[in-house]
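What follows is protein_37.txt (compact mmCIF, C-alpha atoms).
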# COMPACT_ATOMS: atom_id res chain seq x y z
CA MET A 292 100.25 201.75 232.99
CA PRO A 293 96.77 201.01 234.37
CA TYR A 294 93.87 203.32 233.71
CA ARG A 295 93.32 205.63 236.69
CA PRO A 296 89.87 207.19 236.86
CA SER A 297 89.69 210.77 237.99
CA LYS A 298 88.62 211.53 241.54
CA LYS A 299 85.85 213.76 240.17
CA LYS A 300 83.85 210.73 238.96
CA TYR A 301 83.85 209.26 242.46
CA LEU A 302 82.95 212.59 244.02
CA TYR A 303 79.92 212.97 241.75
CA LEU A 304 78.81 209.47 242.75
CA VAL A 305 79.19 210.24 246.46
CA PHE A 306 77.29 213.51 245.97
CA VAL A 307 74.37 211.85 244.11
CA SER A 308 74.15 209.03 246.69
CA ALA A 309 74.15 211.51 249.58
CA ALA A 310 71.48 213.59 247.82
CA LEU A 311 69.25 210.52 247.39
CA ILE A 312 69.61 209.62 251.07
CA VAL A 313 68.81 213.19 252.16
CA LEU A 314 65.77 213.26 249.84
CA HIS A 315 64.55 210.00 251.40
CA TYR A 316 64.90 211.11 255.03
CA THR A 317 63.33 214.50 254.33
CA LYS A 318 60.39 212.61 252.69
CA LEU A 319 60.81 214.65 249.52
CA SER A 320 61.30 211.52 247.44
CA ALA A 321 58.33 209.70 249.04
CA PRO A 322 55.95 210.12 246.03
CA VAL A 323 58.60 208.74 243.67
CA GLU A 324 59.33 205.84 246.01
CA ILE A 325 55.63 204.99 246.37
CA PHE A 326 55.25 205.15 242.58
CA LEU A 327 58.26 202.86 242.01
CA ARG A 328 57.02 200.43 244.63
CA SER A 329 53.56 200.36 243.04
CA ILE A 330 55.19 199.36 239.74
CA VAL A 331 57.39 196.61 241.19
CA THR A 332 54.96 195.22 243.80
CA PRO A 333 52.73 193.28 241.32
CA THR A 334 55.82 191.59 239.87
CA LEU A 335 57.08 190.69 243.36
CA SER A 336 53.66 189.39 244.31
CA SER A 337 53.49 187.18 241.20
CA LEU A 338 56.98 185.87 241.89
CA THR A 339 55.99 185.02 245.48
CA THR A 340 52.95 183.03 244.30
CA PHE A 341 55.08 181.32 241.65
CA SER A 342 57.83 180.42 244.16
CA ILE A 343 55.25 179.00 246.62
CA ASN A 344 53.74 176.88 243.83
CA VAL A 345 57.19 175.63 242.82
CA GLY A 346 57.96 174.90 246.49
CA ASP A 347 54.79 172.81 246.71
CA ARG A 348 55.98 170.66 243.83
CA TYR A 349 59.14 169.75 245.81
CA GLN A 350 56.94 167.88 248.31
CA VAL A 351 56.57 164.59 246.49
CA PHE A 352 56.42 161.10 247.95
CA LYS A 353 59.21 158.65 247.14
CA ASN A 354 56.99 155.56 247.13
CA ARG A 355 53.46 154.32 247.76
CA GLU A 356 54.20 153.24 251.36
CA GLU A 357 55.37 156.74 252.27
CA PHE A 358 52.20 158.22 250.80
CA VAL A 359 49.92 155.75 252.65
CA ALA A 360 51.77 156.39 255.94
CA ALA A 361 51.38 160.17 255.50
CA TYR A 362 47.69 159.73 254.65
CA GLN A 363 47.08 157.59 257.75
CA ALA A 364 48.91 160.10 259.93
CA CYS A 365 46.68 162.81 258.46
CA LEU A 366 43.52 160.79 259.25
CA ALA A 367 44.69 160.25 262.84
CA THR A 368 45.46 163.97 263.26
CA ALA A 369 42.07 164.92 261.80
CA ALA A 370 40.25 162.56 264.21
CA ARG A 371 42.22 163.94 267.18
CA GLN A 372 41.53 167.51 266.10
CA ALA A 373 37.79 166.81 265.71
CA ALA A 374 37.71 165.54 269.29
CA ASP A 375 39.73 168.56 270.47
CA THR A 376 37.37 170.96 268.65
CA THR A 377 34.32 169.46 270.38
CA ALA A 378 36.05 169.65 273.77
CA ALA A 379 37.12 173.25 273.10
CA ALA A 380 33.54 174.23 272.10
CA LEU A 381 32.18 172.72 275.33
CA LEU A 382 34.84 174.51 277.37
CA ALA A 383 34.14 177.81 275.61
CA GLN A 384 30.43 177.46 276.38
CA GLU A 385 31.18 176.63 280.03
CA ASN A 386 33.62 179.54 280.19
CA ASN A 387 30.98 181.95 278.84
CA GLU A 388 28.44 180.76 281.38
CA LEU A 389 30.91 181.18 284.24
CA ARG A 390 31.87 184.65 282.99
CA GLN A 391 28.21 185.65 282.90
CA LEU A 392 27.74 184.32 286.45
CA LEU A 393 30.73 186.35 287.64
CA ALA A 394 29.66 189.42 285.63
CA TRP A 395 33.12 189.37 284.01
CA HIS A 396 34.04 192.25 281.77
CA LYS A 397 33.95 191.20 278.13
CA LYS A 398 37.31 191.39 276.40
CA GLN A 399 37.39 193.84 273.52
CA PRO A 400 38.52 192.09 270.35
CA VAL A 401 41.81 193.44 269.01
CA PRO A 402 41.28 195.17 265.64
CA MET A 403 43.29 193.68 262.81
CA VAL A 404 44.33 194.48 259.28
CA VAL A 405 44.48 191.77 256.63
CA ALA A 406 47.46 192.02 254.28
CA ASN A 407 48.90 190.08 251.37
CA VAL A 408 52.49 188.88 251.50
CA ILE A 409 54.11 190.45 248.46
CA GLY A 410 57.60 189.04 248.81
CA LYS A 411 60.74 188.46 250.78
CA GLU A 412 63.26 191.08 251.73
CA LEU A 413 65.95 191.24 249.08
CA LEU A 414 69.06 192.62 250.71
CA THR A 415 69.77 191.12 254.08
CA THR A 416 70.19 187.49 255.00
CA GLY A 417 67.39 187.43 257.57
CA GLN A 418 63.93 185.94 257.40
CA LYS A 419 61.65 188.87 256.63
CA VAL A 420 58.62 189.28 254.40
CA LEU A 421 56.96 192.31 252.87
CA ILE A 422 53.23 192.93 253.21
CA ASP A 423 51.06 195.29 251.17
CA GLN A 424 49.73 197.41 254.08
CA GLY A 425 51.53 200.20 255.90
CA VAL A 426 51.10 203.30 258.03
CA LYS A 427 47.97 204.28 256.08
CA ALA A 428 46.21 201.12 257.36
CA GLY A 429 47.28 201.80 260.97
CA LEU A 430 50.27 199.50 261.14
CA ALA A 431 53.12 200.31 263.55
CA VAL A 432 56.43 198.79 264.59
CA ASP A 433 56.29 195.77 266.98
CA GLN A 434 52.68 194.86 266.22
CA PRO A 435 52.21 191.06 266.02
CA VAL A 436 51.42 189.42 262.70
CA ILE A 437 49.34 186.23 262.57
CA THR A 438 47.97 183.87 259.96
CA GLN A 439 44.27 183.34 259.35
CA GLU A 440 44.38 180.41 261.80
CA GLY A 441 45.72 182.64 264.59
CA VAL A 442 49.31 181.41 264.45
CA LEU A 443 51.94 184.02 265.35
CA VAL A 444 54.37 184.43 262.45
CA GLY A 445 56.31 187.55 263.39
CA LYS A 446 56.39 191.20 264.33
CA ILE A 447 56.36 194.35 262.25
CA LEU A 448 59.89 195.64 261.90
CA LYS A 449 59.55 198.63 259.60
CA VAL A 450 56.58 200.50 258.17
CA GLU A 451 56.35 202.68 255.11
CA PRO A 452 53.16 204.46 253.99
CA ASP A 453 52.18 201.64 251.62
CA ILE A 454 54.14 198.54 252.72
CA ALA A 455 55.61 197.01 255.87
CA THR A 456 58.38 194.55 256.66
CA VAL A 457 57.61 191.67 258.99
CA ARG A 458 60.42 189.97 260.91
CA LEU A 459 59.44 186.30 261.05
CA ILE A 460 59.83 184.33 264.28
CA ASN A 461 62.59 182.19 262.68
CA ASP A 462 64.78 185.23 261.88
CA ASN A 463 68.10 185.20 263.72
CA GLN A 464 67.34 188.60 265.29
CA SER A 465 63.86 187.59 266.49
CA LYS A 466 63.30 187.14 270.23
CA MET A 467 59.99 186.89 272.06
CA SER A 468 58.67 185.74 275.38
CA ALA A 469 56.65 182.50 275.30
CA VAL A 470 54.94 179.94 277.51
CA ILE A 471 54.91 176.15 277.16
CA PHE A 472 51.56 174.50 277.75
CA ASN A 473 52.94 171.99 280.27
CA ARG A 474 52.00 171.42 283.92
CA ASP A 475 54.12 174.38 285.13
CA ARG A 476 53.35 176.75 282.24
CA SER A 477 57.11 177.22 281.77
CA LEU A 478 58.28 180.59 280.57
CA GLY A 479 61.10 181.03 278.09
CA ALA A 480 62.39 183.06 275.14
CA VAL A 481 61.76 181.92 271.57
CA GLU A 482 64.57 182.79 269.18
CA GLY A 483 65.02 182.21 265.49
CA GLY A 484 67.96 180.52 263.86
CA TYR A 485 68.68 181.64 260.30
CA GLY A 486 65.34 180.40 259.00
CA ILE A 487 66.23 176.80 259.72
CA SER A 488 65.05 176.35 263.27
CA LEU A 489 63.16 177.89 266.13
CA ARG A 490 64.64 177.56 269.61
CA MET A 491 63.18 178.22 273.02
CA ASN A 492 65.80 179.14 275.62
CA LEU A 493 65.80 180.04 279.32
CA ILE A 494 63.31 177.31 280.31
CA PRO A 495 63.81 176.48 284.02
CA ARG A 496 65.57 173.11 284.36
CA ASP A 497 63.29 171.69 287.03
CA GLU A 498 60.07 172.10 285.00
CA PRO A 499 59.34 169.00 282.90
CA VAL A 500 58.76 169.62 279.19
CA ARG A 501 57.50 166.93 276.83
CA ILE A 502 57.83 166.56 273.08
CA GLY A 503 54.60 167.76 271.47
CA ASP A 504 53.82 170.40 274.13
CA GLN A 505 52.36 173.51 272.55
CA VAL A 506 54.15 176.88 272.83
CA VAL A 507 52.19 180.14 272.83
CA SER A 508 52.99 183.81 273.34
CA SER A 509 53.23 184.77 277.02
CA GLY A 510 51.61 188.20 276.86
CA LEU A 511 54.53 189.70 278.79
CA GLU A 512 55.44 191.89 275.84
CA GLY A 513 53.09 194.83 275.72
CA THR A 514 52.23 194.56 272.07
CA ILE A 515 51.74 190.79 271.75
CA PRO A 516 48.61 189.31 273.38
CA ARG A 517 48.82 186.07 275.37
CA GLY A 518 47.90 182.78 273.73
CA LEU A 519 48.97 183.20 270.12
CA ILE A 520 50.23 179.82 268.90
CA ILE A 521 53.94 179.70 268.02
CA GLY A 522 54.69 176.00 267.59
CA THR A 523 55.24 172.66 269.31
CA VAL A 524 58.25 171.21 271.12
CA ALA A 525 60.19 168.86 268.83
CA VAL A 526 63.46 168.30 270.76
CA ILE A 527 64.41 168.99 274.39
CA GLU A 528 68.00 169.69 275.45
CA ASN A 529 68.48 169.46 279.21
CA GLU A 530 72.21 169.41 279.96
CA PRO A 531 73.23 168.80 283.60
CA TYR A 532 75.85 171.58 283.55
CA LYS A 533 73.54 174.30 282.21
CA PRO A 534 71.22 176.43 284.36
CA PHE A 535 68.39 176.35 281.82
CA GLN A 536 67.02 173.82 279.40
CA GLN A 537 66.40 174.48 275.71
CA ALA A 538 63.88 173.20 273.22
CA VAL A 539 63.81 173.10 269.44
CA LEU A 540 60.35 173.99 268.18
CA THR A 541 58.42 173.10 265.06
CA PRO A 542 56.60 176.24 263.85
CA ALA A 543 52.82 175.88 263.77
CA THR A 544 52.75 177.01 260.14
CA ASP A 545 55.11 176.82 257.18
CA LEU A 546 56.76 180.24 257.34
CA SER A 547 58.10 179.99 253.79
CA LYS A 548 54.62 179.74 252.28
CA LEU A 549 52.79 182.71 253.76
CA THR A 550 50.37 184.39 251.38
CA VAL A 551 47.81 186.22 253.54
CA VAL A 552 48.44 187.46 257.09
CA SER A 553 46.79 189.78 259.62
CA ALA A 554 48.47 192.46 261.70
CA LEU A 555 46.96 192.97 265.17
CA LEU A 556 46.65 196.71 265.84
CA THR A 557 47.80 196.52 269.45
CA ARG A 558 49.51 199.93 269.45
CA MET B 66 67.22 200.84 232.04
CA VAL B 67 65.95 197.49 230.71
CA GLY B 68 69.24 195.89 231.82
CA ILE B 69 68.82 197.28 235.33
CA PHE B 70 65.25 195.96 235.55
CA LEU B 71 66.37 192.58 234.19
CA ILE B 72 69.17 192.27 236.77
CA PHE B 73 66.73 193.23 239.54
CA PHE B 74 64.18 190.71 238.25
CA VAL B 75 66.66 187.81 238.02
CA HIS B 76 68.09 188.70 241.47
CA THR B 77 64.60 188.54 242.96
CA LEU B 78 63.71 185.35 241.09
CA LEU B 79 66.81 183.54 242.38
CA ILE B 80 66.21 184.61 245.98
CA TYR B 81 62.58 183.50 245.82
CA LEU B 82 63.04 180.23 243.99
CA LEU B 83 66.30 178.71 245.20
CA PRO B 84 66.33 176.68 248.41
CA TYR B 85 68.58 177.51 251.39
CA PRO B 86 71.61 177.92 251.28
CA VAL B 87 71.83 178.50 247.51
CA ASN B 88 69.40 181.42 247.85
CA ARG B 89 72.30 183.32 249.44
CA LEU B 90 73.45 183.85 245.85
CA ASN B 91 73.57 187.63 245.38
CA PHE B 92 73.06 187.89 241.62
CA LEU B 93 73.01 191.68 241.65
CA PHE B 94 76.39 191.83 243.37
CA ILE B 95 77.91 189.12 241.15
CA ILE B 96 76.89 190.94 237.96
CA LEU B 97 78.32 194.23 239.22
CA LEU B 98 81.57 192.55 240.23
CA TRP B 99 81.80 190.72 236.92
CA LEU B 100 81.32 194.02 235.08
CA ILE B 101 84.08 195.61 237.18
CA ILE B 102 86.49 192.73 236.47
CA TYR B 103 85.55 192.58 232.81
CA LYS B 104 85.32 196.28 231.94
CA ASN B 105 87.55 197.71 234.69
CA ASP B 106 85.53 200.91 234.48
CA PRO B 107 84.39 203.02 237.48
CA LEU B 108 81.20 203.84 235.55
CA ILE B 109 79.89 200.46 236.75
CA LEU B 110 79.50 202.09 240.17
CA TRP B 111 76.85 204.33 238.58
CA VAL B 112 74.92 201.21 237.53
CA ALA B 113 75.15 199.97 241.12
CA LEU B 114 73.43 203.09 242.41
CA PRO B 115 69.90 202.62 240.92
CA LEU B 116 70.08 198.87 241.45
CA SER B 117 70.91 199.25 245.10
CA PHE B 118 68.31 201.95 245.67
CA SER B 119 65.62 199.83 244.02
CA THR B 120 66.35 196.98 246.44
CA GLU B 121 66.46 199.45 249.35
CA LEU B 122 62.81 200.27 248.64
CA PHE B 123 61.98 196.74 249.81
CA SER B 124 64.45 196.47 252.67
CA SER B 125 64.00 196.69 256.44
CA ALA B 126 67.47 198.18 257.00
CA PRO B 127 67.65 201.96 257.44
CA PHE B 128 67.65 203.59 254.00
CA GLY B 129 71.11 204.13 252.49
CA LEU B 130 73.12 201.69 254.61
CA SER B 131 73.10 198.89 252.10
CA THR B 132 73.87 201.23 249.19
CA ALA B 133 76.79 202.74 251.10
CA ALA B 134 78.16 199.27 251.92
CA LEU B 135 77.73 198.12 248.32
CA LEU B 136 79.41 201.18 246.81
CA PHE B 137 82.31 201.08 249.28
CA SER B 138 82.93 197.38 248.68
CA LEU B 139 82.76 197.77 244.87
CA PHE B 140 85.09 200.75 245.07
CA LEU B 141 87.49 198.70 247.22
CA GLU B 142 87.35 195.83 244.73
CA HIS B 143 88.01 198.21 241.84
CA TRP B 144 91.06 199.55 243.67
CA LEU B 145 92.28 196.02 244.43
CA LEU B 146 91.92 195.06 240.76
CA LEU B 147 93.88 198.11 239.65
CA ASN B 148 96.69 197.77 242.19
CA ILE B 149 96.93 194.27 243.66
CA PHE B 150 94.86 191.67 241.77
CA THR B 151 96.29 192.69 238.41
CA ASN B 152 96.53 189.15 237.07
CA HIS B 153 93.11 188.34 235.57
CA SER B 154 93.16 184.57 236.15
CA TRP B 155 90.25 182.45 237.35
CA TYR B 156 91.60 182.30 240.90
CA ILE B 157 91.70 186.10 241.01
CA ALA B 158 87.98 186.10 240.13
CA LEU B 159 87.43 183.60 242.95
CA LEU B 160 89.41 185.73 245.40
CA CYS B 161 87.65 188.89 244.22
CA GLY B 162 84.23 187.34 244.71
CA PHE B 163 85.07 186.18 248.21
CA THR B 164 86.75 189.39 249.43
CA ALA B 165 84.14 191.65 247.83
CA LEU B 166 81.19 189.86 249.39
CA LEU B 167 82.88 189.65 252.78
CA SER B 168 83.77 193.35 252.70
CA TYR B 169 80.18 194.18 251.66
CA ARG B 170 78.65 192.15 254.48
CA ILE B 171 81.16 193.34 257.09
CA LEU B 172 80.60 196.98 256.13
CA PHE B 173 76.84 196.43 256.21
CA LEU B 174 77.06 194.87 259.69
CA ILE B 175 79.24 197.74 260.91
CA PHE B 176 76.75 200.29 259.55
CA MET B 177 73.83 198.38 261.08
CA SER B 178 75.59 198.22 264.46
CA GLY B 179 76.25 201.97 264.21
CA ALA B 180 72.59 202.60 263.42
CA ALA B 181 71.61 200.40 266.39
CA LEU B 182 73.90 202.45 268.65
CA LEU B 183 72.11 205.58 267.45
CA LYS B 184 68.75 203.84 268.18
CA ILE B 185 67.71 204.02 264.52
CA THR B 186 67.19 200.26 264.33
CA ASP B 187 67.21 197.32 266.74
CA TYR B 188 70.08 195.15 265.62
CA SER B 189 72.45 193.11 267.74
CA LEU B 190 75.61 191.72 266.20
CA GLN B 191 75.97 187.97 266.79
CA TRP B 192 79.11 185.94 266.19
CA SER B 193 76.97 182.99 265.14
CA ILE B 194 76.42 184.81 261.84
CA LEU B 195 80.03 184.04 260.83
CA PRO B 196 79.51 180.54 259.28
CA ASP B 197 76.57 181.89 257.30
CA LEU B 198 78.71 184.79 256.11
CA LEU B 199 81.57 182.52 255.00
CA MET B 200 79.16 180.21 253.20
CA GLU B 201 77.59 183.18 251.41
CA GLY B 202 81.06 184.37 250.38
CA ALA B 203 82.00 180.92 249.05
CA ILE B 204 78.75 180.48 247.06
CA ASN B 205 79.06 183.92 245.47
CA ALA B 206 82.78 183.53 244.75
CA CYS B 207 82.13 180.22 242.95
CA ALA B 208 79.26 181.76 240.94
CA LEU B 209 81.42 184.75 239.96
CA THR B 210 84.28 182.48 238.86
CA ALA B 211 81.90 180.37 236.77
CA LEU B 212 80.44 183.48 235.14
CA TYR B 213 83.94 184.91 234.54
CA LEU B 214 85.26 181.70 232.94
CA ALA B 215 82.15 181.27 230.79
CA SER B 216 82.23 184.85 229.56
CA ARG B 217 85.99 184.73 228.89
CA SER B 218 85.82 181.60 226.78
CA PHE B 219 82.73 182.91 224.97
CA SER B 220 84.26 186.30 224.18
CA LYS B 221 87.51 184.70 222.96
CA ARG B 222 85.58 182.46 220.57
CA LEU B 223 83.66 185.37 219.09
CA ASN B 224 86.49 187.91 219.06
CA PRO B 225 87.86 188.34 215.50
CA ARG B 226 91.38 188.72 216.98
CA TYR B 227 91.33 185.03 217.97
CA ILE B 228 89.84 183.68 214.75
CA GLY B 229 92.55 182.32 212.47
CA LEU B 230 92.35 183.21 208.81

Would you mind giving the structure from this file in structure tokens?
Amino acid sequence: MPYRPSKKKYLYLVFVSAALIVLHYTKLSAPVEIFLRSIVTPTLSSLTTFSINVGDRYQVFKNREEFVAAYQACLATAARQAADTTAAALLAQENNELRQLLAWHKKQPVPMVVANVIGKELLTTGQKVLIDQGVKAGLAVDQPVITQEGVLVGKILKVEPDIATVRLINDNQSKMSAVIFNRDRSLGAVEGGYGISLRMNLIPRDEPVRIGDQVVSSGLEGTIPRGLIIGTVAVIENEPYKPFQQAVLTPATDLSKLTVVSALLTR
Amino acid sequence: MVGIFLIFFVHTLLIYLLPYPVNRLNFLFIILLWLIIYKNDPLILWVALPLSFSTELFSSAPFGLSTAALLFSLFLEHWLLLNIFTNHSWYIALLCGFTALLSYRILFLIFMSGAALLKITDYSLQWSILPDLLMEGAINACALTALYLASRSFSKRLNPRYIGL
């Protein structure tokens, strides 16, 4: 005869669980939660740094030729970027002069909050990270999160007084409006794919897209300013029987190795 | 208390360190299931409560949904072990691991969809999640079976009942 536990034991469990949930939503347990988080956060932060360091060690070269090829590619990219930087500086100067001539209103810089990435979300299967700033620092849901280089990495999904969860752009629930820097400035929707890929859908079929074209935020969403870098086009899928073309993107930054980010206080 | 912190720590370490798709290994869930199979005691559900709430503190899902899904799935597995999966063979551990994780994820998705309907969160259920779900179930079922077999052989070797005089 198997052992049958009494129903009372289950009822107590249901009661305690319900009480904890009620205490959370009535904010009565907030001090305890903040205290517990403050204890665990340093450990999570150390683990994040450790995991990024271990991840770096995975990137080894198989042979000398591979290393030399990567080094030469790096030199070529650096030379191209140096030329681009000079051109961009000249354009910025010209742009400023033209703005002054037109008496253009100066854009107010968006205030931002710098935050440390303290870890990944533990329960769900999505691509989300935790940062060590929350409501107290002015963070709100849907604000964009960028890296120090101005690359868009995600949006704020949930805020607590002391921490916030950021949904990364490669999360399977992430969707945002974007523009390709091609001749037509094609609009589309960038969606994540389980942390493996980044896809851009709904690109009009008749607008030519090339591999290497840069993709930036469109500014159509109220909280995300235009021009934040998302990535570059790696693969184009233009099927004759589909009304739109798709592109697979390479993110502009390694989303698994984020350590410091900034939230733009656009709300 | 130390045990709970240790399980939480190892669970976090595995998620952070292992590459995709092995990082879908839910150590916390596997340990709880293993304890249920091994001890067959509903008190394990009480251990699940603080563990689940501690992970909820760092989750983007509305508070309580994951704990509810976890407790329901563990309760279901406990009932299955008492009434249907009564033969404690390795393939029962495999089946338990797979069904428990699937029931946990399905319940969680149902709760999330319900919360989205009530405008508590923005979540849209996608069928493309299915392969990921099945893979997660398979990885966790294999890990549970390995843990079950290892612990069974280890406990038999150290149990005085099995040592010949």

Could you make a table, as a Markdown table, of the residues of chain B that have an atom within 6 Å of an atom of chain A, each with its nearest atom pair and distance in Å to one decimal, counting all atoms listed in the file, in chain and number order?
| residue | atom | partner | partner_atom | distance |
| --- | --- | --- | --- | --- |
| B:Tyr81 | CA | A:Ser342 | CA | 5.9 |
| B:Leu82 | CA | A:Ser342 | CA | 5.2 |
| B:Ser124 | CA | A:Glu412 | CA | 5.6 |
| B:Ser125 | CA | A:Lys449 | CA | 5.8 |
| B:Gly129 | CA | A:Ile312 | CA | 5.9 |

Fill in: Selection: 9 Å around Trp155 in chain B, all atoms listed in the file, excl. self and same-chain fewer than 3 positions, as a PyMOL selection string
chain B and resi 158-160+210-211+213-214

For those residues, write C-alpha atoms to a file as a compact mmCIF listing (two decimals), keeping the file's coordinate frame.
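Listing of part_18.txt after writing:
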# COMPACT_ATOMS: atom_id res chain seq x y z
CA ALA B 158 87.98 186.10 240.13
CA LEU B 159 87.43 183.60 242.95
CA LEU B 160 89.41 185.73 245.40
CA THR B 210 84.28 182.48 238.86
CA ALA B 211 81.90 180.37 236.77
CA TYR B 213 83.94 184.91 234.54
CA LEU B 214 85.26 181.70 232.94

Checklist entry - So what do you get for CA of Ala554 in chain A versus CA of Asp453 in chain A, distance-wise? => result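 Atom-to-atom, CA of Ala554 in chain A to CA of Asp453 in chain A, that is 14.1 Å.
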
May I have the residues within 10 Å of Ala538 in chain A as a list in words, using all atoms listed in the file and disregarding those fewer than 6 positions away in the same chain?
->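 Listed by chain and then number, they are Gly479, Val481, Leu489, Arg490, Met491, Asn492, Leu493, Ile494, Val500, Arg501, Ile502, Thr523, Val524, Ala525, Val526, Ile527, Glu528 and Asn529 of chain A.
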
Selection export as an mmCIF file, keeping the file's coordinate frame, atoms kept: C-alpha atoms:
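As a result, again-v7.cif now contains:
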data_model
loop_
_atom_site.group_PDB
_atom_site.id
_atom_site.type_symbol
_atom_site.label_atom_id
_atom_site.label_comp_id
_atom_site.auth_asym_id
_atom_site.auth_seq_id
_atom_site.Cartn_x
_atom_site.Cartn_y
_atom_site.Cartn_z
ATOM 1 C CA GLY A 479 61.100 181.030 278.090
ATOM 2 C CA VAL A 481 61.760 181.920 271.570
ATOM 3 C CA LEU A 489 63.160 177.890 266.130
ATOM 4 C CA ARG A 490 64.640 177.560 269.610
ATOM 5 C CA MET A 491 63.180 178.220 273.020
ATOM 6 C CA ASN A 492 65.800 179.140 275.620
ATOM 7 C CA LEU A 493 65.800 180.040 279.320
ATOM 8 C CA ILE A 494 63.310 177.310 280.310
ATOM 9 C CA VAL A 500 58.760 169.620 279.190
ATOM 10 C CA ARG A 501 57.500 166.930 276.830
ATOM 11 C CA ILE A 502 57.830 166.560 273.080
ATOM 12 C CA THR A 523 55.240 172.660 269.310
ATOM 13 C CA VAL A 524 58.250 171.210 271.120
ATOM 14 C CA ALA A 525 60.190 168.860 268.830
ATOM 15 C CA VAL A 526 63.460 168.300 270.760
ATOM 16 C CA ILE A 527 64.410 168.990 274.390
ATOM 17 C CA GLU A 528 68.000 169.690 275.450
ATOM 18 C CA ASN A 529 68.480 169.460 279.210
#

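When only C-alpha atoms are used to compute distances to Leu93 in chain B, the closest of the residues B:Val75, B:Leu198, B:Leu122, B:Leu114 turns out to be B:Val75.
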
- Long-range neighbours of Phe140 in chain B as JSON, numbers by chain, 12 Å cut-off, all atoms listed in the file, 3 positions minimum in chain: {"A": [296, 298, 300, 301, 304, 305], "B": [97, 98, 101, 102, 105, 106, 107, 108, 109, 110, 111, 113, 132, 133, 134, 135, 136, 137, 143, 144, 145, 146, 147, 165, 168, 169]}

Which residue of A:Val323, A:Leu366, A:Val401, A:Thr557 approaches Ala431 in chain A most closely, using all atoms listed in the file =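 Answer, going by the shortest atom-to-atom distance: A:Thr557.
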
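If you look at CA of Val436 in chain A and CA of Leu519 in chain A, they are 10.0 Å away from each other.
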
_What does the structure give for the distance between CA of Ser117 in chain B and CA of Lys299 in chain A, in Å to one decimal?_
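CA of Lys299 in chain A lies 21.4 Å from CA of Ser117 in chain B.
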
Name the residues in contact with range 184-194 of chain B at a cut-off of 8 Å, using only C-alpha atoms, excluding same-chain residues fewer than 3 positions from it; report them as a PyMOL selection string. (chain A and resi 464) or (chain B and resi 126-127+174+177-178+180-181+197-198)

Could you take the residues named above and write them with C-alpha atoms, as a PDB file, keeping the file's coordinate frame?
ATOM      1  CA  GLN A 464      67.340 188.600 265.290  1.00  0.00           C
TER       2      GLN A 464
ATOM      3  CA  ALA B 126      67.470 198.180 257.000  1.00  0.00           C
ATOM      4  CA  PRO B 127      67.650 201.960 257.440  1.00  0.00           C
ATOM      5  CA  LEU B 174      77.060 194.870 259.690  1.00  0.00           C
ATOM      6  CA  MET B 177      73.830 198.380 261.080  1.00  0.00           C
ATOM      7  CA  SER B 178      75.590 198.220 264.460  1.00  0.00           C
ATOM      8  CA  ALA B 180      72.590 202.600 263.420  1.00  0.00           C
ATOM      9  CA  ALA B 181      71.610 200.400 266.390  1.00  0.00           C
ATOM     10  CA  ASP B 197      76.570 181.890 257.300  1.00  0.00           C
ATOM     11  CA  LEU B 198      78.710 184.790 256.110  1.00  0.00           C
TER      12      LEU B 198
END
